[in-house]
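Down below is the structure, laid out as structure tokens.
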Amino acid sequence: MIVVAGEALVDMVPVGDDELTPLAPKLGGGPYNVAVALGRQDVPTGFLSRVSTDHFGEQLVKRLHASNVGTDLVQRGPENTTLAVVGLAEDGSARYAFYVEGTADRLVEDPGPLPAEAKAVSFGTLSLVLEPGASVYETVLRREGKRLLTALDPNIRAGLIHDPGAYRARFRSWLPDVGLLKLSVEDAQWLAEADDVIEIARTWISQGPAAVVLTKGGDGLSVITATGQVDVPPVKVDVVDTIGAGDTVQGSLLAWLHDHDALSAEKIRGLSTEEWTAALTYAGAAAAITCSRAGAEPPFASELTAALGG
């Protein structure tokens, strides 16, 4: 099983072109989207979070079940669901305004050691920023990083990071316990306060991760390891929006590693150029499907198989 830890929320997505267009609720949150992507690709998946008992929370849990995601690690509470109001640029890229005070996902409690059947755990986005939950997830990351493959997608939301220097230092402190680091070029540049993302990735690899996967939007995907670099081109698609695209990459990479018996830092270090090309191509195809429809709607396994010509 792969455990995904972090927030579940509701994206309020524009449904028209006017400045004050109506907003439609779409279920999401970075870690939540990763869990849905994994479950829809038939990977045994569990979600660790605290989810509201309000109407949105009920729908979030219902969708987990419909996406084959286990909820034994989901905690429930009466607090409101976090809301993210989305603004879309002409190219479909998204910007966010968050309503997070006192919401359920911030109040998650340490579940203790993860189940014995867990082979990997994924973290990221708001859950590693907003206290008190951030410290809880950090505790789980450090504890489980000693025995499991730990995957991290920081998925930076700079407007919620009140002390960037402290967060950057905290991020660096996680690296020894991270086996797979996935992030966008923009996030890498923000975290390192530098422009050369390849050199940035090599520096981070020396501090722990077996690989750093970079998402480059319309320029495709890259992976940097201790032995080299592999690039794959983007999949051409009519973009509706990019909500959940990076999360789909994270989930699909983990799904590929699961399906190829490579859920460990040691096995990731041993992947060949051909294997990395296959993994990135798979993840890129999944993200393209997500971009072709509104909101974070990762593909099911059958859709991905068809897209790849299987």
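Residues in the structure tokens are numbered from 1 in each chain, the chains being A, B, ... in the order shown, and ligands are numbered from 1 in the order shown.
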Within 12 Å of Pro154 of chain A using only C-alpha atoms, minus same-chain residues under 6 positions, as number ranges by chain: A: 6, 30-31, 122-129, 161, 167-168, 170-172, 174-175, 178, 180-188, 190-191, 214, 246-247, 250
Using 12 Å as the limit and counting only C-alpha atoms, can you tabulate each residue of segment 186-217 of chain A that touches segment 264-270 of chain A, with its shortest atom-to-atom distance in Å and the two atoms involved, as CSV?
residue,atom,partner,partner_atom,distance
A:Ile205,CA,A:Arg269,CA,10.7
A:Gly208,CA,A:Ala265,CA,9.5
A:Pro209,CA,A:Ala265,CA,7.6
A:Ala210,CA,A:Arg269,CA,5.5
A:Ala211,CA,A:Arg269,CA,7.2
A:Val212,CA,A:Ile268,CA,10.6
A:Val213,CA,A:Ile268,CA,11.7
Would you save the residues of that selection, restricted to all heavy atoms, as a short mmCIF file (atom, residue, chain, number, x, y, z; two decimals), in the first residue's frame?
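New file part.cif:
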data_model
loop_
_atom_site.label_atom_id
_atom_site.label_comp_id
_atom_site.auth_asym_id
_atom_site.auth_seq_id
_atom_site.Cartn_x
_atom_site.Cartn_y
_atom_site.Cartn_z
N ILE A 205 20.11 16.20 -4.35
CA ILE A 205 20.40 14.77 -4.39
C ILE A 205 21.55 14.42 -3.45
O ILE A 205 21.54 13.38 -2.78
CB ILE A 205 20.70 14.32 -5.83
CG1 ILE A 205 19.40 14.29 -6.64
CG2 ILE A 205 21.37 12.95 -5.87
CD1 ILE A 205 19.60 14.13 -8.12
N GLY A 208 20.19 13.67 0.05
CA GLY A 208 19.29 12.59 0.42
C GLY A 208 18.50 11.93 -0.69
O GLY A 208 18.56 10.71 -0.86
N PRO A 209 17.67 12.67 -1.46
CA PRO A 209 16.78 12.03 -2.44
C PRO A 209 17.53 11.19 -3.47
O PRO A 209 18.63 11.55 -3.92
CB PRO A 209 16.08 13.21 -3.10
CG PRO A 209 16.13 14.30 -2.08
CD PRO A 209 17.45 14.13 -1.40
N ALA A 210 16.91 10.07 -3.87
CA ALA A 210 17.48 9.24 -4.92
C ALA A 210 17.28 9.86 -6.29
O ALA A 210 18.06 9.60 -7.22
CB ALA A 210 16.85 7.85 -4.88
N ALA A 211 16.23 10.68 -6.43
CA ALA A 211 15.94 11.33 -7.71
C ALA A 211 15.13 12.58 -7.46
O ALA A 211 14.36 12.66 -6.50
CB ALA A 211 15.19 10.38 -8.64
N VAL A 212 15.30 13.56 -8.35
CA VAL A 212 14.48 14.77 -8.36
C VAL A 212 13.79 14.84 -9.71
O VAL A 212 14.45 14.89 -10.75
CB VAL A 212 15.33 16.04 -8.12
CG1 VAL A 212 14.45 17.28 -8.24
CG2 VAL A 212 16.02 15.99 -6.77
N VAL A 213 12.47 14.82 -9.69
CA VAL A 213 11.68 14.93 -10.92
C VAL A 213 11.16 16.35 -11.03
O VAL A 213 10.57 16.88 -10.08
CB VAL A 213 10.52 13.93 -10.92
CG1 VAL A 213 9.60 14.17 -12.13
CG2 VAL A 213 11.05 12.50 -10.93
#
Each residue of segment 147-176 of chain A with at least one atom at most 12 Å from segment 33-38 of chain A should appear once, together with its nearest atom pair and the corresponding distance in Å (one decimal); atoms considered: only C-alpha atoms; ordering: chain, then increasing residue number; output as a Markdown table.
| residue | atom | partner | partner_atom | distance |
| --- | --- | --- | --- | --- |
| A:Ala151 | CA | A:Val34 | CA | 11.1 |
| A:Leu152 | CA | A:Val34 | CA | 11.1 |
| A:Asp153 | CA | A:Val34 | CA | 10.0 |
| A:Asn155 | CA | A:Val34 | CA | 11.9 |
With N, CA, C and O atoms retained, write the just-selected residues as a compact mmCIF listing (two decimals), in the first residue's frame.
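Output saved as selection_16.txt:
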# COMPACT_ATOMS: atom_id res chain seq x y z
N ALA A 151 8.04 10.11 -0.48
CA ALA A 151 7.96 10.98 -1.65
C ALA A 151 7.45 12.35 -1.21
O ALA A 151 6.56 12.44 -0.37
N LEU A 152 8.01 13.41 -1.78
CA LEU A 152 7.65 14.76 -1.38
C LEU A 152 7.43 15.63 -2.61
O LEU A 152 8.26 15.66 -3.52
N ASP A 153 6.29 16.34 -2.64
CA ASP A 153 6.04 17.39 -3.61
C ASP A 153 5.68 18.66 -2.83
O ASP A 153 4.54 18.81 -2.39
N ASN A 155 5.01 21.69 -3.66
CA ASN A 155 3.85 22.35 -4.26
C ASN A 155 3.61 23.71 -3.59
O ASN A 155 2.58 23.95 -2.95
Polymer residues at most 8 Å from Pro14 of chain A, only C-alpha atoms, same-chain spacing of 3 or more positions, as JSON, numbers by chain: {"A": [17, 21, 22, 23, 24, 86, 87, 88]}
Selected residue of minimal separation from Leu114 of chain A among A:Thr305, A:Ser52, A:Thr139, A:Thr273, counting only C-alpha atoms: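 Selected residue with least distance to Leu114 of chain A: A:Thr139.
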Nearby residues (only C-alpha atoms) at most 8 Å from segment 257-260 of chain A, same-chain spacing under 4 positions excluded, as number ranges by chain: A: 43, 253, 279
Residue subset to file, keeping N, CA, C and O atoms, as an mmCIF file, in the first residue's frame:
data_model
loop_
_atom_site.group_PDB
_atom_site.id
_atom_site.type_symbol
_atom_site.label_atom_id
_atom_site.label_comp_id
_atom_site.auth_asym_id
_atom_site.auth_seq_id
_atom_site.Cartn_x
_atom_site.Cartn_y
_atom_site.Cartn_z
ATOM 1 N N VAL A 43 -3.746 1.100 -7.737
ATOM 2 C CA VAL A 43 -2.684 0.889 -6.760
ATOM 3 C C VAL A 43 -3.305 0.907 -5.366
ATOM 4 O O VAL A 43 -4.062 1.827 -5.038
ATOM 5 N N LEU A 253 3.767 8.692 -11.052
ATOM 6 C CA LEU A 253 5.134 8.199 -10.841
ATOM 7 C C LEU A 253 5.156 7.096 -9.790
ATOM 8 O O LEU A 253 5.796 6.046 -9.972
ATOM 9 N N ALA A 279 8.775 5.774 -17.259
ATOM 10 C CA ALA A 279 8.066 6.302 -16.092
ATOM 11 C C ALA A 279 7.577 7.723 -16.336
ATOM 12 O O ALA A 279 6.425 8.074 -16.031
#
All helix (DSSP H, G or I) positions in segment 96-301 of chain A, as a ChimeraX atom specification: /A:104-107,125-128,133-144,158-160,164-177,185-192,197-205,217-219,245-259,265-269,273-291,301
Non-local contacts of Phe300 of chain A (12 Å; only C-alpha atoms; under 5 positions in same chain excluded) as a PyMOL selection string: chain A and resi 36-43+66-68+248+251-252+255+285-287+289-290+305-307
Atoms to include: N, CA and C atoms. Write the selected residues as a PDB file, in the first residue's frame.
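In the end it all went to part_9.pdb:
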ATOM      1  N   VAL A  36      -6.182  10.133  -5.131  1.00  0.00           N
ATOM      2  CA  VAL A  36      -7.174   9.777  -6.138  1.00  0.00           C
ATOM      3  C   VAL A  36      -6.490   9.235  -7.399  1.00  0.00           C
ATOM      4  N   ALA A  37      -5.393   9.876  -7.826  1.00  0.00           N
ATOM      5  CA  ALA A  37      -4.661   9.400  -9.001  1.00  0.00           C
ATOM      6  C   ALA A  37      -4.161   7.973  -8.803  1.00  0.00           C
ATOM      7  N   LEU A  38      -3.619   7.694  -7.627  1.00  0.00           N
ATOM      8  CA  LEU A  38      -3.119   6.345  -7.331  1.00  0.00           C
ATOM      9  C   LEU A  38      -4.250   5.324  -7.312  1.00  0.00           C
ATOM     10  N   GLY A  39      -5.319   5.648  -6.590  1.00  0.00           N
ATOM     11  CA  GLY A  39      -6.427   4.710  -6.494  1.00  0.00           C
ATOM     12  C   GLY A  39      -7.051   4.413  -7.835  1.00  0.00           C
ATOM     13  N   ARG A  40      -7.186   5.424  -8.673  1.00  0.00           N
ATOM     14  CA  ARG A  40      -7.779   5.222  -9.997  1.00  0.00           C
ATOM     15  C   ARG A  40      -6.885   4.402 -10.915  1.00  0.00           C
ATOM     16  N   GLN A  41      -5.600   4.324 -10.586  1.00  0.00           N
ATOM     17  CA  GLN A  41      -4.683   3.484 -11.366  1.00  0.00           C
ATOM     18  C   GLN A  41      -4.493   2.109 -10.722  1.00  0.00           C
ATOM     19  N   ASP A  42      -5.429   1.765  -9.854  1.00  0.00           N
ATOM     20  CA  ASP A  42      -5.507   0.424  -9.264  1.00  0.00           C
ATOM     21  C   ASP A  42      -4.325   0.085  -8.360  1.00  0.00           C
ATOM     22  N   VAL A  43      -3.746   1.100  -7.737  1.00  0.00           N
ATOM     23  CA  VAL A  43      -2.684   0.889  -6.760  1.00  0.00           C
ATOM     24  C   VAL A  43      -3.305   0.907  -5.366  1.00  0.00           C
ATOM     25  N   ALA A  66     -15.010   6.028  -4.182  1.00  0.00           N
ATOM     26  CA  ALA A  66     -15.275   5.785  -5.596  1.00  0.00           C
ATOM     27  C   ALA A  66     -13.991   5.649  -6.407  1.00  0.00           C
ATOM     28  N   SER A  67     -12.888   6.185  -5.869  1.00  0.00           N
ATOM     29  CA  SER A  67     -11.588   6.122  -6.552  1.00  0.00           C
ATOM     30  C   SER A  67     -10.698   5.019  -6.000  1.00  0.00           C
ATOM     31  N   ASN A  68     -11.261   4.115  -5.222  1.00  0.00           N
ATOM     32  CA  ASN A  68     -10.532   2.943  -4.692  1.00  0.00           C
ATOM     33  C   ASN A  68      -9.461   3.314  -3.676  1.00  0.00           C
ATOM     34  N   THR A 248      -1.151  14.744 -10.359  1.00  0.00           N
ATOM     35  CA  THR A 248      -1.286  13.543 -11.184  1.00  0.00           C
ATOM     36  C   THR A 248       0.078  12.970 -11.534  1.00  0.00           C
ATOM     37  N   GLY A 251       1.272  11.123  -8.350  1.00  0.00           N
ATOM     38  CA  GLY A 251       0.580   9.855  -8.169  1.00  0.00           C
ATOM     39  C   GLY A 251       0.961   8.838  -9.222  1.00  0.00           C
ATOM     40  N   SER A 252       1.100   9.282 -10.461  1.00  0.00           N
ATOM     41  CA  SER A 252       1.401   8.357 -11.554  1.00  0.00           C
ATOM     42  C   SER A 252       2.832   7.842 -11.486  1.00  0.00           C
ATOM     43  N   ALA A 255       2.657   5.229  -8.961  1.00  0.00           N
ATOM     44  CA  ALA A 255       1.967   4.062  -9.525  1.00  0.00           C
ATOM     45  C   ALA A 255       2.914   3.261 -10.415  1.00  0.00           C
ATOM     46  N   ALA A 285       1.571  11.406 -19.687  1.00  0.00           N
ATOM     47  CA  ALA A 285       0.308  11.067 -20.343  1.00  0.00           C
ATOM     48  C   ALA A 285      -0.856  11.211 -19.375  1.00  0.00           C
ATOM     49  N   ALA A 286      -0.662  10.801 -18.128  1.00  0.00           N
ATOM     50  CA  ALA A 286      -1.714  10.924 -17.123  1.00  0.00           C
ATOM     51  C   ALA A 286      -2.025  12.388 -16.851  1.00  0.00           C
ATOM     52  N   ALA A 287      -0.988  13.212 -16.709  1.00  0.00           N
ATOM     53  CA  ALA A 287      -1.194  14.641 -16.442  1.00  0.00           C
ATOM     54  C   ALA A 287      -1.899  15.321 -17.604  1.00  0.00           C
ATOM     55  N   ILE A 289      -4.165  14.069 -19.548  1.00  0.00           N
ATOM     56  CA  ILE A 289      -5.597  13.775 -19.437  1.00  0.00           C
ATOM     57  C   ILE A 289      -6.235  14.681 -18.387  1.00  0.00           C
ATOM     58  N   THR A 290      -5.559  14.849 -17.257  1.00  0.00           N
ATOM     59  CA  THR A 290      -6.078  15.736 -16.213  1.00  0.00           C
ATOM     60  C   THR A 290      -6.244  17.159 -16.740  1.00  0.00           C
ATOM     61  N   THR A 305      -4.421   3.579 -20.175  1.00  0.00           N
ATOM     62  CA  THR A 305      -4.013   2.503 -21.079  1.00  0.00           C
ATOM     63  C   THR A 305      -4.382   2.855 -22.527  1.00  0.00           C
ATOM     64  N   ALA A 306      -5.586   3.385 -22.713  1.00  0.00           N
ATOM     65  CA  ALA A 306      -6.020   3.776 -24.052  1.00  0.00           C
ATOM     66  C   ALA A 306      -5.174   4.908 -24.603  1.00  0.00           C
ATOM     67  N   ALA A 307      -4.836   5.900 -23.753  1.00  0.00           N
ATOM     68  CA  ALA A 307      -4.040   7.037 -24.198  1.00  0.00           C
ATOM     69  C   ALA A 307      -2.640   6.608 -24.616  1.00  0.00           C
TER      70      ALA A 307
END
Spatial neighbours of Gly133 of chain A, max dist 8 Å, only C-alpha atoms, sep filter under 5 positions, as a VMD selection string: chain A and resid 105 to 109 127 to 128
Pull N, CA, C and O atoms from the residues just selected and write them as a compact mmCIF listing (two decimals), in the first residue's frame.
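This is the output file selection_32.txt:
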# COMPACT_ATOMS: atom_id res chain seq x y z
N ASP A 105 -8.45 20.04 8.15
CA ASP A 105 -7.20 19.35 7.80
C ASP A 105 -6.01 19.85 8.62
O ASP A 105 -5.02 19.14 8.76
N ARG A 106 -6.12 21.05 9.20
CA ARG A 106 -5.01 21.58 10.01
C ARG A 106 -4.91 20.87 11.36
O ARG A 106 -3.89 20.99 12.03
N LEU A 107 -5.95 20.17 11.77
CA LEU A 107 -6.02 19.61 13.12
C LEU A 107 -5.79 18.10 13.14
O LEU A 107 -6.17 17.42 14.09
N VAL A 108 -5.16 17.58 12.12
CA VAL A 108 -4.85 16.16 12.07
C VAL A 108 -3.99 15.76 13.27
O VAL A 108 -3.17 16.54 13.76
N GLU A 109 -4.19 14.54 13.76
CA GLU A 109 -3.39 14.01 14.87
C GLU A 109 -2.48 12.90 14.36
O GLU A 109 -2.78 12.22 13.38
N SER A 127 -0.33 21.05 3.70
CA SER A 127 -0.24 20.30 4.95
C SER A 127 1.12 20.43 5.61
O SER A 127 1.24 20.22 6.83
N LEU A 128 2.15 20.77 4.86
CA LEU A 128 3.48 20.95 5.43
C LEU A 128 3.79 22.41 5.72
O LEU A 128 4.91 22.76 6.07
Close residues, Gly218 of chain A itself excluded, 12 Å, only C-alpha atoms, min 2 positions apart in chain, as a list in words: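 That gives Asp91, Gly92, Ser93, Ser184, Val185, Thr215, Lys216, Gly220, Leu221, Val232, Pro233, Pro234, Val235, Lys236, Val237, Asp238, Val239, Thr242, Ala245, Gly284, Ala287, Ala288 and Cys291 of chain A.
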Could you turn the residues from that selection into a file that holds all heavy atoms, as a CSV table (one decimal), in the first residue's frame?
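Result written to again_39.csv:
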chain,number,residue,atom,x,y,z
A,91,ASP,N,-3.8,30.7,-20.4
A,91,ASP,CA,-3.2,29.4,-20.7
A,91,ASP,C,-3.7,28.3,-19.9
A,91,ASP,O,-3.3,27.1,-20.0
A,91,ASP,CB,-1.7,29.5,-20.6
A,91,ASP,CG,-1.2,29.8,-19.2
A,91,ASP,OD1,-2.0,30.0,-18.3
A,91,ASP,OD2,0.0,29.7,-19.0
A,92,GLY,N,-4.7,28.6,-19.0
A,92,GLY,CA,-5.3,27.5,-18.1
A,92,GLY,C,-4.5,27.4,-16.8
A,92,GLY,O,-5.0,26.6,-16.0
A,93,SER,N,-3.4,28.1,-16.6
A,93,SER,CA,-2.7,27.9,-15.3
A,93,SER,C,-3.5,28.6,-14.2
A,93,SER,O,-4.3,29.5,-14.4
A,93,SER,CB,-1.3,28.6,-15.4
A,93,SER,OG,-1.5,30.0,-15.7
A,184,SER,N,7.8,21.4,-9.4
A,184,SER,CA,7.9,22.2,-10.6
A,184,SER,C,9.2,23.0,-10.7
A,184,SER,O,9.8,23.3,-9.6
A,184,SER,CB,6.7,23.2,-10.7
A,184,SER,OG,6.8,24.2,-9.7
A,185,VAL,N,9.6,23.4,-11.8
A,185,VAL,CA,10.7,24.3,-12.0
A,185,VAL,C,10.6,25.6,-11.2
A,185,VAL,O,11.5,26.0,-10.5
A,185,VAL,CB,10.9,24.6,-13.5
A,185,VAL,CG1,11.9,25.8,-13.7
A,185,VAL,CG2,11.4,23.4,-14.3
A,215,THR,N,8.8,19.1,-13.1
A,215,THR,CA,7.7,19.3,-14.1
A,215,THR,C,8.0,20.7,-14.7
A,215,THR,O,8.2,21.7,-14.0
A,215,THR,CB,6.3,19.3,-13.4
A,215,THR,OG1,6.2,20.2,-12.4
A,215,THR,CG2,6.1,17.9,-12.8
A,216,LYS,N,7.9,20.7,-16.0
A,216,LYS,CA,8.3,22.0,-16.8
A,216,LYS,C,7.1,22.5,-17.6
A,216,LYS,O,7.4,23.2,-18.6
A,216,LYS,CB,9.5,21.7,-17.6
A,216,LYS,CG,10.7,21.2,-16.8
A,216,LYS,CD,11.9,21.0,-17.6
A,216,LYS,CE,11.7,19.8,-18.6
A,216,LYS,NZ,13.0,19.5,-19.4
A,220,GLY,N,7.6,19.7,-20.8
A,220,GLY,CA,7.7,18.2,-20.5
A,220,GLY,C,8.2,18.0,-19.0
A,220,GLY,O,8.0,18.8,-18.1
A,221,LEU,N,8.9,16.9,-18.9
A,221,LEU,CA,9.3,16.4,-17.6
A,221,LEU,C,10.8,16.0,-17.7
A,221,LEU,O,11.3,15.6,-18.7
A,221,LEU,CB,8.6,15.1,-17.1
A,221,LEU,CG,7.0,15.3,-16.9
A,221,LEU,CD1,6.4,13.9,-16.8
A,221,LEU,CD2,6.8,16.1,-15.7
A,232,VAL,N,11.7,14.0,-21.1
A,232,VAL,CA,10.7,13.6,-22.0
A,232,VAL,C,9.9,14.8,-22.5
A,232,VAL,O,9.7,15.7,-21.7
A,232,VAL,CB,9.8,12.5,-21.5
A,232,VAL,CG1,10.6,11.3,-21.1
A,232,VAL,CG2,9.0,13.0,-20.3
A,233,PRO,N,9.5,14.8,-23.7
A,233,PRO,CA,8.7,16.0,-24.2
A,233,PRO,C,7.3,16.0,-23.6
A,233,PRO,O,6.8,15.0,-23.1
A,233,PRO,CB,8.7,15.8,-25.7
A,233,PRO,CG,8.8,14.3,-25.9
A,233,PRO,CD,9.7,13.8,-24.8
A,234,PRO,N,6.6,17.1,-23.7
A,234,PRO,CA,5.2,17.2,-23.3
A,234,PRO,C,4.3,16.4,-24.2
A,234,PRO,O,4.6,16.2,-25.4
A,234,PRO,CB,4.9,18.7,-23.3
A,234,PRO,CG,5.8,19.2,-24.4
A,234,PRO,CD,7.0,18.4,-24.3
A,235,VAL,N,3.1,16.0,-23.6
A,235,VAL,CA,2.1,15.4,-24.4
A,235,VAL,C,1.2,16.6,-24.9
A,235,VAL,O,0.7,17.4,-24.1
A,235,VAL,CB,1.2,14.4,-23.6
A,235,VAL,CG1,0.1,13.9,-24.4
A,235,VAL,CG2,2.1,13.3,-23.1
A,236,LYS,N,0.9,16.6,-26.2
A,236,LYS,CA,0.1,17.7,-26.7
A,236,LYS,C,-1.4,17.5,-26.4
A,236,LYS,O,-1.9,16.4,-26.6
A,236,LYS,CB,0.3,17.8,-28.2
A,236,LYS,CG,1.7,18.3,-28.6
A,236,LYS,CD,1.8,18.6,-30.1
A,236,LYS,CE,3.2,19.0,-30.5
A,236,LYS,NZ,3.6,20.2,-29.8
A,237,VAL,N,-2.0,18.5,-25.8
A,237,VAL,CA,-3.4,18.3,-25.4
A,237,VAL,C,-4.1,19.7,-25.4
A,237,VAL,O,-3.4,20.7,-25.2
A,237,VAL,CB,-3.5,17.7,-24.0
A,237,VAL,CG1,-2.9,18.6,-23.0
A,237,VAL,CG2,-4.9,17.3,-23.6
A,238,ASP,N,-5.4,19.8,-25.6
A,238,ASP,CA,-6.1,21.0,-25.5
A,238,ASP,C,-6.4,21.2,-24.0
A,238,ASP,O,-7.2,20.5,-23.4
A,238,ASP,CB,-7.4,20.9,-26.3
A,238,ASP,CG,-7.2,20.9,-27.8
A,238,ASP,OD1,-6.3,21.5,-28.2
A,238,ASP,OD2,-8.1,20.3,-28.5
A,239,VAL,N,-5.7,22.2,-23.4
A,239,VAL,CA,-5.7,22.4,-22.0
A,239,VAL,C,-7.0,23.2,-21.6
A,239,VAL,O,-7.3,24.3,-22.1
A,239,VAL,CB,-4.5,23.2,-21.5
A,239,VAL,CG1,-4.6,23.5,-20.0
A,239,VAL,CG2,-3.2,22.4,-21.8
A,242,THR,N,-5.0,23.6,-15.6
A,242,THR,CA,-3.9,22.7,-15.1
A,242,THR,C,-4.0,22.3,-13.7
A,242,THR,O,-3.1,21.8,-13.1
A,242,THR,CB,-2.5,23.5,-15.2
A,242,THR,OG1,-2.6,24.7,-14.4
A,242,THR,CG2,-2.3,23.9,-16.7
A,245,ALA,N,-2.6,18.9,-12.2
A,245,ALA,CA,-1.6,18.2,-13.2
A,245,ALA,C,-0.4,17.7,-12.5
A,245,ALA,O,0.0,16.6,-12.7
A,245,ALA,CB,-1.3,19.2,-14.3
A,284,GLY,N,3.5,11.8,-17.7
A,284,GLY,CA,3.1,12.9,-18.5
A,284,GLY,C,1.8,12.6,-19.3
A,284,GLY,O,1.0,13.6,-19.4
A,287,ALA,N,-1.0,13.2,-16.7
A,287,ALA,CA,-1.2,14.6,-16.4
A,287,ALA,C,-1.9,15.3,-17.6
A,287,ALA,O,-2.7,16.2,-17.4
A,287,ALA,CB,0.1,15.3,-16.2
A,288,ALA,N,-1.6,14.9,-18.8
A,288,ALA,CA,-2.3,15.5,-20.0
A,288,ALA,C,-3.8,15.3,-20.0
A,288,ALA,O,-4.6,16.1,-20.3
A,288,ALA,CB,-1.7,14.9,-21.3
A,291,CYS,N,-5.3,17.6,-17.5
A,291,CYS,CA,-5.4,19.0,-18.1
A,291,CYS,C,-6.5,19.2,-19.1
A,291,CYS,O,-6.9,20.3,-19.4
A,291,CYS,CB,-4.0,19.4,-18.7
A,291,CYS,SG,-2.7,19.6,-17.6
Distance in Å - atom CA of Gln59 of chain A versus atom CA of Leu27 of chain A: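 Computed distance, atom CA of Gln59 of chain A to atom CA of Leu27 of chain A, equals 7.9 Å.
Distance annotation: of A:Gly179, A:Gly77, A:Gly29, A:Gly217, the residue with the minimal separation from Ala104 of chain A is A:Gly77; atom set is only C-alpha atoms.
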Interatomic distance, atom CA of Asp195 of chain A to atom CA of Ala89 of chain A (Å, one decimal):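 Separating atom CA of Asp195 of chain A from atom CA of Ala89 of chain A is a distance of 23.4 Å.
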Strand (DSSP E or B) per DSSP on the backbone: members of segment 119-280 of chain A, as a count of residues only: 30
Nearest candidate to Ala294 of chain A (options A:Gly28, A:Thr82, A:Ile2, A:Asp261; using only C-alpha atoms): A:Gly28
